[in-house]
$ cat my_file-v2.txt   # compact mmCIF, C-alpha atoms
# COMPACT_ATOMS: atom_id res chain seq x y z
CA MET Z 3 -24.14 -37.87 75.95
CA MET Z 4 -25.79 -38.43 72.61
CA GLU Z 5 -24.29 -41.56 71.13
CA THR Z 6 -24.90 -42.86 67.67
CA GLY Z 7 -23.50 -46.26 67.04
CA PRO Z 8 -22.05 -48.64 66.56
CA LEU Z 9 -22.45 -47.73 62.95
CA VAL Z 10 -21.79 -50.06 60.06
CA ARG Z 11 -18.57 -49.93 58.08
CA GLY Z 12 -18.84 -47.11 55.61
CA ALA Z 13 -20.74 -44.67 57.87
CA PHE Z 14 -19.67 -41.15 56.83
CA GLY Z 15 -17.51 -42.83 54.16
CA SER Z 16 -15.25 -44.32 56.82
CA LYS Z 17 -12.99 -47.26 56.01
CA ALA Z 18 -13.16 -48.24 59.67
CA TRP Z 19 -15.84 -50.50 61.09
CA ASN Z 20 -17.98 -50.43 64.24
CA THR Z 21 -17.71 -46.67 64.06
CA VAL Z 22 -19.12 -44.64 66.94
CA LEU Z 23 -20.23 -41.03 66.96
CA LEU Z 24 -20.25 -39.30 70.32
CA GLY Z 25 -22.58 -36.58 69.13
CA VAL Z 26 -22.73 -34.10 72.00
CA VAL Z 27 -20.38 -34.66 74.91
CA PRO Z 28 -21.59 -32.89 78.09
CA PHE Z 29 -19.42 -29.90 78.96
CA ASP Z 30 -19.65 -28.76 82.55
CA PRO Z 31 -16.44 -26.84 83.22
CA ASP Z 32 -15.17 -26.39 86.75
CA ILE Z 33 -15.18 -22.61 87.10
CA GLU Z 34 -13.01 -22.63 90.25
CA SER Z 35 -10.35 -24.71 88.56
CA LEU Z 36 -10.40 -22.53 85.42
CA ALA Z 37 -10.23 -19.33 87.47
CA SER Z 38 -7.28 -20.70 89.40
CA ARG Z 39 -5.45 -21.61 86.18
CA LEU Z 40 -6.15 -18.13 84.82
CA ARG Z 41 -5.00 -16.52 88.08
CA VAL Z 42 -8.34 -14.79 88.56
CA THR Z 43 -8.84 -14.86 92.31
CA PRO Z 44 -12.38 -14.65 93.79
CA ASP Z 45 -11.80 -11.02 94.80
CA ASN Z 46 -10.50 -9.97 91.37
CA PRO Z 47 -12.94 -7.50 89.75
CA ARG Z 48 -12.57 -9.49 86.53
CA ARG Z 49 -13.93 -12.65 88.14
CA LYS Z 50 -17.57 -11.94 87.20
CA GLU Z 51 -16.55 -11.54 83.54
CA LEU Z 52 -14.79 -14.88 83.61
CA ASP Z 53 -17.71 -16.62 85.30
CA ALA Z 54 -20.08 -15.20 82.68
CA MET Z 55 -17.83 -16.33 79.84
CA VAL Z 56 -17.61 -19.86 81.22
CA ARG Z 57 -21.38 -20.02 81.63
CA ASP Z 58 -21.95 -18.72 78.08
CA ALA Z 59 -19.49 -21.23 76.67
CA ALA Z 60 -21.03 -24.13 78.58
CA ALA Z 61 -24.46 -23.20 77.26
CA ILE Z 62 -23.48 -23.42 73.60
CA ALA Z 63 -20.62 -25.91 73.59
CA ALA Z 64 -21.06 -29.18 71.71
CA PRO Z 65 -17.84 -31.21 71.93
CA LYS Z 66 -17.94 -34.30 69.74
CA ALA Z 67 -15.88 -37.36 68.86
CA PHE Z 68 -15.86 -40.10 66.25
CA TYR Z 69 -13.91 -43.32 66.10
CA GLY Z 70 -13.92 -46.79 64.64
CA TRP Z 71 -12.01 -50.04 64.42
CA ALA Z 72 -9.45 -50.60 61.67
CA HIS Z 73 -7.24 -53.56 60.77
CA VAL Z 74 -3.49 -53.22 60.75
CA GLU Z 75 -2.89 -55.07 57.48
CA HIS Z 76 0.86 -54.87 57.34
CA GLN Z 77 3.75 -53.56 59.36
CA GLY Z 78 6.96 -52.99 57.43
CA ASP Z 79 10.23 -51.20 57.99
CA GLY Z 80 9.13 -47.85 59.40
CA GLN Z 81 5.62 -48.07 58.03
CA VAL Z 82 2.19 -49.37 58.92
CA MET Z 83 -0.66 -50.15 56.54
CA VAL Z 84 -4.16 -49.67 57.99
CA GLU Z 85 -7.20 -50.45 55.82
CA GLY Z 86 -5.22 -49.56 52.68
CA GLU Z 87 -3.62 -46.38 54.06
CA THR Z 88 0.15 -46.58 54.57
CA PHE Z 89 1.43 -44.45 57.43
CA VAL Z 90 5.16 -43.79 57.32
CA SER Z 91 6.81 -43.41 60.73
CA ARG Z 92 9.35 -45.52 62.56
CA MET Z 93 8.08 -44.32 65.91
CA LEU Z 94 4.48 -45.16 65.00
CA ARG Z 95 5.61 -48.60 63.85
CA SER Z 96 7.51 -49.08 67.10
CA ALA Z 97 4.64 -47.82 69.28
CA LEU Z 98 2.03 -50.10 67.71
CA GLY Z 99 4.16 -53.18 68.36
CA ASP Z 100 2.13 -56.24 67.37
CA ALA Z 101 -1.26 -54.49 67.47
CA GLU Z 102 -3.65 -56.00 64.94
CA VAL Z 103 -6.36 -53.38 65.37
CA VAL Z 104 -6.15 -49.62 65.80
CA LEU Z 105 -8.90 -47.08 66.46
CA PRO Z 106 -8.63 -43.98 64.29
CA PHE Z 107 -10.38 -41.05 65.94
CA VAL Z 108 -11.14 -37.39 65.84
CA ALA Z 109 -12.28 -35.31 68.84
CA THR Z 110 -13.25 -31.66 68.77
CA ALA Z 111 -14.37 -28.83 70.99
CA GLY Z 112 -16.83 -28.07 68.19
CA ILE Z 113 -17.40 -25.22 65.77
CA GLU Z 114 -19.98 -23.66 68.12
CA LEU Z 115 -17.30 -22.62 70.61
CA GLN Z 116 -14.92 -21.45 67.89
CA SER Z 117 -17.60 -19.11 66.52
CA TRP Z 118 -18.31 -17.86 70.05
CA ALA Z 119 -14.60 -17.26 70.72
CA ALA Z 120 -14.25 -15.16 67.56
CA SER Z 121 -16.16 -12.35 69.26
CA ALA Z 122 -13.56 -11.91 72.03
CA SER Z 123 -12.85 -8.20 72.29
CA SER Z 124 -9.41 -8.18 73.93
CA PRO Z 125 -6.29 -10.36 74.11
CA LEU Z 126 -7.34 -11.27 77.66
CA HIS Z 127 -10.78 -12.48 76.61
CA ALA Z 128 -9.32 -14.22 73.54
CA TYR Z 129 -6.95 -16.12 75.80
CA TRP Z 130 -9.70 -17.04 78.26
CA SER Z 131 -11.83 -18.27 75.34
CA ASP Z 132 -8.91 -20.35 74.14
CA VAL Z 133 -8.47 -21.97 77.54
CA ILE Z 134 -12.20 -22.67 77.80
CA MET Z 135 -12.11 -24.30 74.35
CA ASP Z 136 -9.14 -26.39 75.49
CA GLU Z 137 -11.29 -27.65 78.35
CA ALA Z 138 -14.08 -28.57 75.94
CA LEU Z 139 -11.64 -30.48 73.75
CA ARG Z 140 -10.25 -32.22 76.84
CA CYS Z 141 -13.81 -33.19 77.68
CA ALA Z 142 -14.33 -34.75 74.24
CA LEU Z 143 -11.01 -36.62 74.48
CA THR Z 144 -11.80 -37.96 77.93
CA ALA Z 145 -15.25 -39.13 76.83
CA LEU Z 146 -13.67 -40.81 73.81
CA GLU Z 147 -11.00 -42.52 75.87
CA ARG Z 148 -13.53 -43.82 78.41
CA HIS Z 149 -15.86 -45.00 75.67
CA VAL Z 150 -13.11 -46.82 73.83
CA ASP Z 151 -11.69 -48.42 76.97
CA ALA Z 152 -15.13 -49.60 78.04
CA ARG Z 153 -15.77 -51.17 74.67
CA VAL Z 154 -12.45 -52.85 74.03
CA GLY Z 155 -12.11 -54.25 77.56
CA GLY Z 156 -8.93 -55.68 79.02
CA ARG Z 157 -5.83 -53.67 78.31
CA LYS Z 158 -6.00 -49.89 78.30
CA THR Z 159 -5.71 -48.04 75.03
CA ARG Z 160 -3.15 -45.39 74.38
CA CYS Z 161 -2.90 -42.68 71.79
CA ILE Z 162 -0.56 -41.46 69.07
CA LYS Z 163 -1.13 -38.41 66.86
CA PRO Z 164 0.37 -37.12 63.60
CA GLY Z 165 2.87 -34.35 64.37
CA ILE Z 166 3.86 -36.06 67.62
CA PRO Z 167 6.23 -37.88 67.20
CA ALA Z 168 8.14 -35.66 64.80
CA ASP Z 169 8.79 -38.48 62.33
CA TRP Z 170 5.02 -38.87 61.82
CA PRO Z 171 4.34 -35.51 60.17
CA VAL Z 172 1.03 -33.67 60.28
CA THR Z 173 0.72 -34.21 56.52
CA GLU Z 174 -0.07 -37.86 57.36
CA GLN Z 175 -3.41 -36.55 58.62
CA ARG Z 176 -4.59 -36.69 55.02
CA LYS Z 177 -4.34 -40.48 55.20
CA LEU Z 178 -5.93 -40.52 58.64
CA PHE Z 179 -8.88 -38.49 57.36
CA ALA Z 180 -9.14 -40.76 54.31
CA LEU Z 181 -9.46 -43.59 56.81
CA LEU Z 182 -11.95 -41.79 59.02
CA GLY Z 183 -14.26 -40.58 56.22
CA ASN Z 184 -16.31 -37.42 55.98
CA MET Z 185 -15.53 -35.79 59.30
CA LYS Z 186 -17.14 -32.53 58.24
CA LYS Z 187 -20.43 -34.37 58.10
CA ALA Z 188 -19.83 -36.51 61.18
CA VAL Z 189 -18.44 -34.00 63.67
CA GLY Z 190 -18.01 -30.75 61.73
CA VAL Z 191 -14.22 -31.05 61.31
CA GLU Z 192 -12.43 -30.03 58.13
CA LEU Z 193 -8.82 -30.67 57.18
CA THR Z 194 -7.31 -27.80 55.20
CA ASP Z 195 -4.65 -28.06 52.49
CA ALA Z 196 -2.09 -27.07 55.13
CA CYS Z 197 -3.30 -30.00 57.28
CA LEU Z 198 -4.85 -27.64 59.77
CA MET Z 199 -7.97 -28.99 61.42
CA ILE Z 200 -10.90 -26.62 61.69
CA PRO Z 201 -12.21 -26.11 64.41
CA LEU Z 202 -8.73 -25.43 65.74
CA LYS Z 203 -9.43 -27.22 69.01
CA THR Z 204 -9.48 -30.64 67.39
CA VAL Z 205 -7.26 -33.67 67.81
CA SER Z 206 -6.99 -36.70 65.56
CA GLY Z 207 -4.92 -39.84 65.85
CA LEU Z 208 -4.91 -43.55 66.52
CA ARG Z 209 -5.74 -45.31 69.75
CA PHE Z 210 -4.37 -48.80 70.25
CA GLN Z 211 -4.09 -51.44 72.94
CA THR Z 212 -0.71 -51.98 74.46
CA ASP Z 213 0.89 -53.11 77.68
CA SER Z 214 3.55 -50.48 77.38
CA GLU Z 215 3.29 -47.08 78.97
CA VAL Z 216 3.94 -45.43 75.63
CA GLU Z 217 1.71 -42.42 74.90
CA GLY Z 218 1.81 -39.67 72.28
CA CYS Z 219 3.20 -37.42 74.99
CA THR Z 220 6.38 -39.52 75.07
CA TRP Z 221 7.62 -37.80 71.93
CA CYS Z 222 6.18 -34.35 72.52
CA PRO Z 223 8.75 -31.59 73.14
CA GLN Z 224 6.41 -29.65 75.47
CA LYS Z 225 7.82 -31.04 78.68
CA ASN Z 226 5.84 -28.68 80.93
CA CYS Z 227 2.43 -29.44 79.40
CA ARG Z 228 -0.20 -29.77 82.14
CA HIS Z 229 -1.85 -32.62 80.22
CA ARG Z 230 1.34 -34.64 79.88
CA LYS Z 231 0.75 -38.33 80.61
CA ASN Z 232 4.35 -39.53 80.60
CA PRO Z 233 7.20 -38.08 82.56
CA PRO Z 234 9.71 -36.23 80.32
CA MET W 25 0.81 15.55 97.28
CA LEU W 26 2.86 12.40 96.93
CA PRO W 27 6.41 12.63 95.60
CA LEU W 28 6.84 11.52 91.98
CA GLU W 29 8.99 8.53 92.93
CA GLU W 30 6.27 7.18 95.17
CA ILE W 31 3.61 7.50 92.47
CA LEU W 32 5.88 5.83 89.92
CA LYS W 33 6.37 2.94 92.32
CA LYS W 34 2.60 2.67 92.78
CA LEU W 35 2.18 2.50 88.99
CA HIS W 36 4.92 -0.11 88.71
CA ASP W 37 3.53 -2.23 91.54
CA ALA W 38 -0.05 -2.02 90.27
CA VAL W 39 1.04 -3.39 86.88
CA VAL W 40 3.13 -6.18 88.41
CA GLY W 41 0.31 -7.03 90.83
CA PHE W 42 -2.29 -6.89 88.01
CA ASP W 43 -4.25 -4.30 89.96
CA GLU W 44 -6.28 -2.34 87.38
CA ALA W 45 -7.99 -0.09 89.91
CA GLY W 46 -4.64 0.61 91.59
CA ALA W 47 -3.03 1.56 88.27
CA ALA W 48 -5.86 3.94 87.40
CA GLN W 49 -5.76 5.49 90.88
CA ALA W 50 -1.98 5.99 90.76
CA ALA W 51 -2.32 7.53 87.30
CA ARG W 52 -4.89 10.00 88.62
CA LEU W 53 -2.54 10.89 91.51
CA LEU W 54 0.17 11.62 88.95
CA ILE W 55 -2.08 13.95 86.97
CA GLU W 56 -3.45 15.66 90.09
CA GLY W 57 0.13 16.19 91.26
CA GLY W 58 0.91 18.06 88.05
CA TYR W 59 3.57 15.60 86.96
CA ASP W 60 4.38 14.74 83.34
CA PRO W 61 2.15 11.84 82.21
CA LEU W 62 4.97 10.58 80.01
CA GLU W 63 7.02 10.05 83.17
CA GLY W 64 4.24 7.85 84.48
CA ILE W 65 4.16 5.80 81.30
CA MET W 66 7.90 5.42 80.82
CA HIS W 67 9.06 5.06 84.43
CA GLY W 68 5.95 3.63 86.06
CA LEU W 69 3.76 1.54 83.74
CA SER W 70 6.46 0.50 81.25
CA THR W 71 8.99 -0.36 83.92
CA GLY W 72 6.23 -2.43 85.50
CA MET W 73 5.84 -4.34 82.24
CA ASP W 74 9.64 -4.72 82.07
CA THR W 75 9.46 -6.42 85.46
CA VAL W 76 6.57 -8.57 84.21
CA GLY W 77 8.67 -9.56 81.16
CA ALA W 78 11.53 -10.55 83.45
CA LEU W 79 9.19 -12.61 85.65
CA PHE W 80 7.84 -14.29 82.51
CA LYS W 81 11.35 -15.22 81.42
CA GLN W 82 12.07 -16.61 84.88
CA GLN W 83 8.86 -18.66 84.58
CA GLU W 84 7.43 -17.04 87.68
CA TYR W 85 4.69 -15.46 85.59
CA PHE W 86 2.92 -17.18 82.70
CA VAL W 87 0.60 -15.97 79.98
CA PRO W 88 -2.46 -15.53 82.28
CA GLU W 89 -0.55 -13.21 84.59
CA VAL W 90 1.05 -11.27 81.70
CA LEU W 91 -2.37 -10.58 80.18
CA LEU W 92 -3.79 -9.41 83.49
CA CYS W 93 -0.76 -7.15 83.99
CA ALA W 94 -1.32 -5.70 80.52
CA GLU W 95 -4.90 -4.88 81.46
CA ALA W 96 -3.59 -3.02 84.52
CA MET W 97 -1.18 -1.14 82.27
CA ASN W 98 -4.08 -0.27 79.95
CA ALA W 99 -6.13 1.01 82.91
CA GLY W 100 -3.29 3.39 83.80
CA MET W 101 -2.79 4.38 80.17
CA GLU W 102 -6.46 5.29 79.77
CA VAL W 103 -6.09 7.87 82.51
CA LEU W 104 -2.77 9.25 81.28
CA ARG W 105 -3.27 9.22 77.50
CA PRO W 106 -5.63 12.23 77.27
CA HIS W 107 -3.01 14.33 79.08
CA LEU W 108 -0.15 13.51 76.73
CA GLN W 109 1.08 16.13 74.33
CA ALA W 110 1.06 15.05 70.69
CA SER W 111 4.84 15.36 70.52
CA SER W 112 5.30 12.84 73.32
CA THR W 113 3.44 10.02 71.59
CA ARG W 114 6.18 9.36 69.03
CA THR W 115 6.66 5.64 68.39
CA LEU W 116 9.87 3.62 68.22
CA GLY W 117 8.93 2.25 64.82
CA THR W 118 6.20 0.68 62.76
CA ILE W 119 5.69 -3.05 62.41
CA ILE W 120 3.30 -4.97 60.18
CA LEU W 121 2.13 -8.11 61.95
CA GLY W 122 0.22 -11.24 60.94
CA THR W 123 0.16 -15.01 60.88
CA VAL W 124 1.37 -16.64 57.71
CA GLN W 125 -1.03 -17.70 54.98
CA GLY W 126 -2.89 -20.91 55.86
CA ASP W 127 -2.41 -20.49 59.61
CA VAL W 128 -5.18 -19.18 61.81
CA HIS W 129 -3.51 -19.60 65.21
CA ASP W 130 -3.30 -16.06 66.52
CA ILE W 131 -3.27 -16.21 70.32
CA GLY W 132 0.52 -15.89 70.41
CA LYS W 133 0.53 -13.23 67.71
CA ASN W 134 -1.99 -11.19 69.70
CA ILE W 135 0.20 -11.33 72.79
CA VAL W 136 3.20 -10.27 70.70
CA LYS W 137 1.13 -7.37 69.35
CA MET W 138 0.30 -6.27 72.87
CA MET W 139 3.95 -6.45 73.97
CA LEU W 140 5.07 -4.44 70.93
CA GLU W 141 2.45 -1.76 71.56
CA ILE W 142 3.43 -1.54 75.20
CA GLY W 143 7.06 -1.40 74.08
CA GLY W 144 6.33 1.70 72.00
CA PHE W 145 5.80 0.32 68.48
CA ASP W 146 3.02 1.28 66.10
CA VAL W 147 1.53 -2.09 65.14
CA HIS W 148 -0.43 -2.70 61.96
CA ASP W 149 -2.10 -6.03 62.70
CA LEU W 150 -3.28 -7.79 59.54
CA GLY W 151 -4.82 -10.66 61.54
CA ASN W 152 -4.46 -14.32 60.73
CA ASN W 153 -4.12 -16.40 57.55
CA VAL W 154 -2.63 -13.37 55.78
CA PRO W 155 -1.79 -13.81 52.08
CA HIS W 156 1.64 -12.54 50.98
CA LYS W 157 -0.19 -10.05 48.75
CA ARG W 158 -1.80 -8.44 51.79
CA PHE W 159 1.61 -7.98 53.45
CA ALA W 160 2.88 -6.45 50.16
CA GLU W 161 -0.05 -4.03 50.02
CA GLU W 162 0.51 -2.92 53.60
CA LEU W 163 4.23 -2.50 52.96
CA ALA W 164 3.45 -0.29 49.97
CA ARG W 165 0.87 1.70 51.92
CA THR W 166 2.93 2.35 55.04
CA ASP W 167 6.44 3.35 55.92
CA ALA W 168 6.94 0.25 58.04
CA ASP W 169 10.30 -0.58 59.58
CA LEU W 170 9.55 -4.19 60.35
CA VAL W 171 7.38 -7.15 59.41
CA GLY W 172 6.53 -9.75 62.04
CA VAL W 173 5.05 -13.09 61.06
CA SER W 174 4.19 -16.21 63.02
CA ALA W 175 3.25 -19.81 62.27
CA MET W 176 2.10 -22.61 64.53
CA MET W 177 2.51 -25.52 62.14
CA THR W 178 5.42 -26.98 60.24
CA THR W 179 3.31 -27.02 57.07
CA THR W 180 2.41 -23.33 57.18
CA MET W 181 5.83 -22.31 58.49
CA MET W 182 7.30 -23.08 55.07
CA GLY W 183 5.35 -20.13 53.63
CA MET W 184 7.49 -17.77 55.70
CA ARG W 185 10.49 -18.29 53.42
CA SER W 186 8.74 -16.93 50.33
CA LEU W 187 7.20 -14.09 52.36
CA ILE W 188 10.64 -13.05 53.59
CA GLY W 189 11.93 -13.24 50.00
CA MET W 190 9.09 -11.00 48.86
CA VAL W 191 9.78 -8.43 51.59
CA LYS W 192 13.52 -8.39 50.88
CA GLU W 193 12.92 -7.97 47.16
CA THR W 194 10.48 -5.09 47.48
CA LYS W 195 11.73 -3.38 50.66
CA PRO W 196 15.30 -4.45 51.42
CA HIS W 197 15.55 -2.11 54.40
CA VAL W 198 12.55 -3.59 56.19
CA GLY W 199 13.52 -6.11 58.84
CA VAL W 200 11.62 -9.35 59.23
CA LEU W 201 11.03 -11.11 62.55
CA ILE W 202 9.55 -14.57 62.76
CA GLY W 203 8.27 -16.76 65.57
CA GLY W 204 5.83 -19.48 66.55
CA ALA W 205 5.89 -22.99 67.98
CA PRO W 206 7.81 -24.81 65.21
CA VAL W 207 10.20 -21.91 64.50
CA THR W 208 13.75 -21.95 65.84
CA ARG W 209 16.69 -19.60 65.51
CA GLU W 210 18.21 -22.01 62.99
CA ILE W 211 15.07 -21.93 60.87
CA ALA W 212 14.99 -18.13 61.07
CA LYS W 213 18.55 -18.08 59.76
CA MET W 214 17.78 -20.60 57.03
CA PHE W 215 14.78 -18.50 55.88
CA ASN W 216 16.92 -15.29 55.89
CA ALA W 217 14.83 -13.66 58.61
CA ASP W 218 16.52 -10.75 60.38
CA GLY W 219 15.22 -11.69 63.79
CA TYR W 220 13.63 -14.41 65.84
CA ALA W 221 11.79 -14.26 69.15
CA ASP W 222 11.47 -17.37 71.25
CA SER W 223 8.63 -15.87 73.25
CA ALA W 224 6.56 -12.70 73.56
CA ALA W 225 8.87 -11.59 76.36
CA ASP W 226 11.77 -11.35 73.89
CA VAL W 227 10.00 -9.66 71.04
CA VAL W 228 10.46 -6.00 71.95
CA GLY W 229 14.20 -6.36 72.50
CA GLU W 230 14.56 -8.33 69.28
CA ALA W 231 12.50 -5.78 67.32
CA LYS W 232 14.72 -2.95 68.57
CA ARG W 233 17.86 -4.92 67.71
CA VAL W 234 16.65 -5.74 64.19
CA MET W 235 15.57 -2.15 63.55
CA ALA W 236 18.99 -0.86 64.54
CA ALA W 237 20.77 -3.52 62.47
CA VAL W 238 18.70 -2.95 59.35
CA LYS W 239 19.01 0.84 59.57
CA SER W 240 22.78 0.68 59.92
CA ALA W 241 23.23 -1.84 57.06
$ encode --input "my_file-v2.txt" --output "C-alpha cells"
Amino acid sequence: MMETGPLVRGAFGSKAWNTVLLGVVPFDPDIESLASRLRVTPDNPRRKELDAMVRDAAAIAAPKAFYGWAHVEHQGDGQVMVEGETFVSRMLRSALGDAEVVLPFVATAGIELQSWAASASSPLHAYWSDVIMDEALRCALTALERHVDARVGGRKTRCIKPGIPADWPVTEQRKLFALLGNMKKAVGVELTDACLMIPLKTVSGLRFQTDSEVEGCTWCPQKNCRHRKNPP
Amino acid sequence: MLPLEEILKKLHDAVVGFDEAGAAQAARLLIEGGYDPLEGIMHGLSTGMDTVGALFKQQEYFVPEVLLCAEAMNAGMEVLRPHLQASSTRTLGTIILGTVQGDVHDIGKNIVKMMLEIGGFDVHDLGNNVPHKRFAEELARTDADLVGVSAMMTTTMMGMRSLIGMVKETKPHVGVLIGGAPVTREIAKMFNADGYADSAADVVGEAKRVMAAVKSA
C-alpha cells in the first residue's frame, strides 16, 4: 500500500492535522466469494466472463483513502463543532459522547473502476461491475480502519456518516469536505451540488474512539445489509 | 415432437433456473414443432419471469438471480423473435424512463427497465442525471403513456416534485411513477405521482395500474 503521511496540517487544504493519504490500497478480490454472491456457480457458462471481469477490475483498480485528526471544539445541544465546522445532529452528538478528537475521512473505490464500469454492455454486467466496485470500496474502508486503529492505539474506533443517521443529513457533507480539504486532489473525489460523491463508490464520515458498540449501522434502515456491524 | 405444454414448461423452468442454453433449446423445439412463438413468449418465458418476480418478492431470489433469469429469457427471446409476426409485437404502452437530474445511480433504474421490457412495455431510456428539459423533449417527441423516474438520494429526490409538475402541466394524461431508495408511498403521494414501486418486482403491475387509471380519468 502506498502511504503518504503523516502530512502536516493544511495538506490538500485540510483543517485536520496528522493527515494520512492511503494512496493505492491493494485490491485482490476473492473470485470464489464474489461468484458465490452473484450466484454464478463454477459450471455456469457465464463464469468465465465473471472471472475475466474480476481480473480486469483488479488490474486497474486503485482504491484510496484519506483521513486526519481534528479537535472537537465544542459540543452543544444537538450539535458538534469540529475545527470550526458545526455539525448539526442529535444522534452525532450522542454518538461522540465525550470524544475530544475525531478523524474525518474519505474512502473510495477510485475513478479508475468507475470509468471501467461505464463500459458494461448489459444490466447483468453493470450489476457485476457494481458489486466489484463495492468490494474495492470495502477494501479501502478496511485498510483505513486498520490504519487508524493501529495509529490511535487502545480503544477501537467506530464510524458515523452523514445520511446515516437520518438526523445528520447528507448536506452536512459540505462541512465534512470543508474540513477534509481538496479531496479531488488527494483521492480524486468530488462532492456535487446535490451532495453526491463522485466516484459513486465513495464513503465519507467521522471515525472516533468510544467504548460503546455504537456504529453508523445502528441507525441505518437497511437491516439486511451484508456489511452490517450492529444487530438490527 | 413434444406437446406444446411440455415445451412451455421447459421455457418456464429454464428461465426460473437461469439456464440460458436450456431456454434457447426449448425455444428451438417450439419453432421446430410449428407452434406459435408468441405462445412461447407469453406462456413460457413471461410466466417464468412472473415466477421469478414472485420468488423475488418472497426474498428467495435476489437481484443476482433475477438478472441471470433475465439473461435466460433473452436467450429464448433471441430464438423466437425472428419468427414473430409484426402484428404480434404490439406493446402494452410506452414509458419514458430516467434518473432525476443530479442523480447518477442507475443500477436500479436499469433493472426496472429490464422488467418493464419483459413485461411488454416499450421503454425509452434517457439514462441518468436527466434534466427536466430532456424529459419534456421526449414527451413532445413520443406518444408516451407513462414517465418513470428514480432517485437514490434525499437531495436529488426533491427534484422529482417539479418534474411531476412539469409532466402534469404539459401532458395531464401521462402517468408518472417514481421509485428509489429514499422514496416512499407517502412521498409519492405528496409529490402528486400517480404510482410508486417499492421494488423492480412491483413495477410492471404498478405501471399497468397507473396506465389504466390515467386512461379512465
$ residues_around --input "my_file-v2.txt" --residues "Val104 of chain Z" --least-positions-apart "6" --cutoff "7 Å" --atoms "all atoms listed in the file" --output "PyMOL selection string"
chain Z and resi 71-74+208-210
$ interface_residues --input "my_file-v2.txt" --of "chain Z" --to "chain W" --cutoff "9 Å" --atoms "only C-alpha atoms" --output "PyMOL selection string"
chain Z and resi 39-42+46-47+125-126+128-130+132+165+171-173+194-198+202
$ residues_around --input "my_file-v2.txt" --residues "segment 74-78 of chain W" --least-positions-apart "4" --cutoff "8 Å" --atoms "all atoms listed in the file" --output "list in words"
Val40, Ser70, Gln82, Tyr85, Val90, Cys93 and Ala225 of chain W
$ residues_around --input "my_file-v2.txt" --residues "Ala54 of chain Z" --least-positions-apart "6" --cutoff "12 Å" --atoms "only C-alpha atoms" --output "JSON, numbers by chain"
{"Z": [33, 37, 48, 60, 61, 127, 130, 131, 134]}
$ closest_residue --input "my_file-v2.txt" --among "Z:Lys203, Z:Lys186, Z:Arg95, Z:Arg157" --to "Ala142 of chain Z" --atoms "only C-alpha atoms"
Z:Lys203
$ axis_aligned_box --input "my_file-v2.txt" --around "segment 211-222 of chain W" --padding-each-side "5 Å" --output "AutoDock Vina command-line options"
--center_x 15.0 --center_y -16.3 --center_z 63.6 --size_x 17.1 --size_y 21.2 --size_z 25.4
$ atom_distance --input "my_file-v2.txt" --atom1 "atom CA of Val56 of chain Z" --atom2 "atom CA of Ala145 of chain Z"
19.9 Å
$ closest_residue --input "my_file-v2.txt" --among "W:Ala205, W:Ala224, W:Met25, W:Ala51" --to "Gly143 of chain W" --atoms "only C-alpha atoms"
W:Ala224
$ atom_distance --input "my_file-v2.txt" --atom1 "atom CA of Leu105 of chain Z" --atom2 "atom CA of Trp19 of chain Z"
9.4 Å
$ closest_residue --input "my_file-v2.txt" --among "W:Ala241, W:Ala217, W:Ile188, W:Val171" --to "Ile119 of chain W" --atoms "all atoms listed in the file"
W:Val171
$ residues_around --input "my_file-v2.txt" --residues "Leu170 of chain W" --least-positions-apart "3" --cutoff "8 Å" --atoms "only C-alpha atoms" --output "ChimeraX atom specification"
/W:117-120,198-201,231,235
$ atom_distance --input "my_file-v2.txt" --atom1 "atom CA of Val205 of chain Z" --atom2 "atom CA of Thr110 of chain Z"
6.4 Å
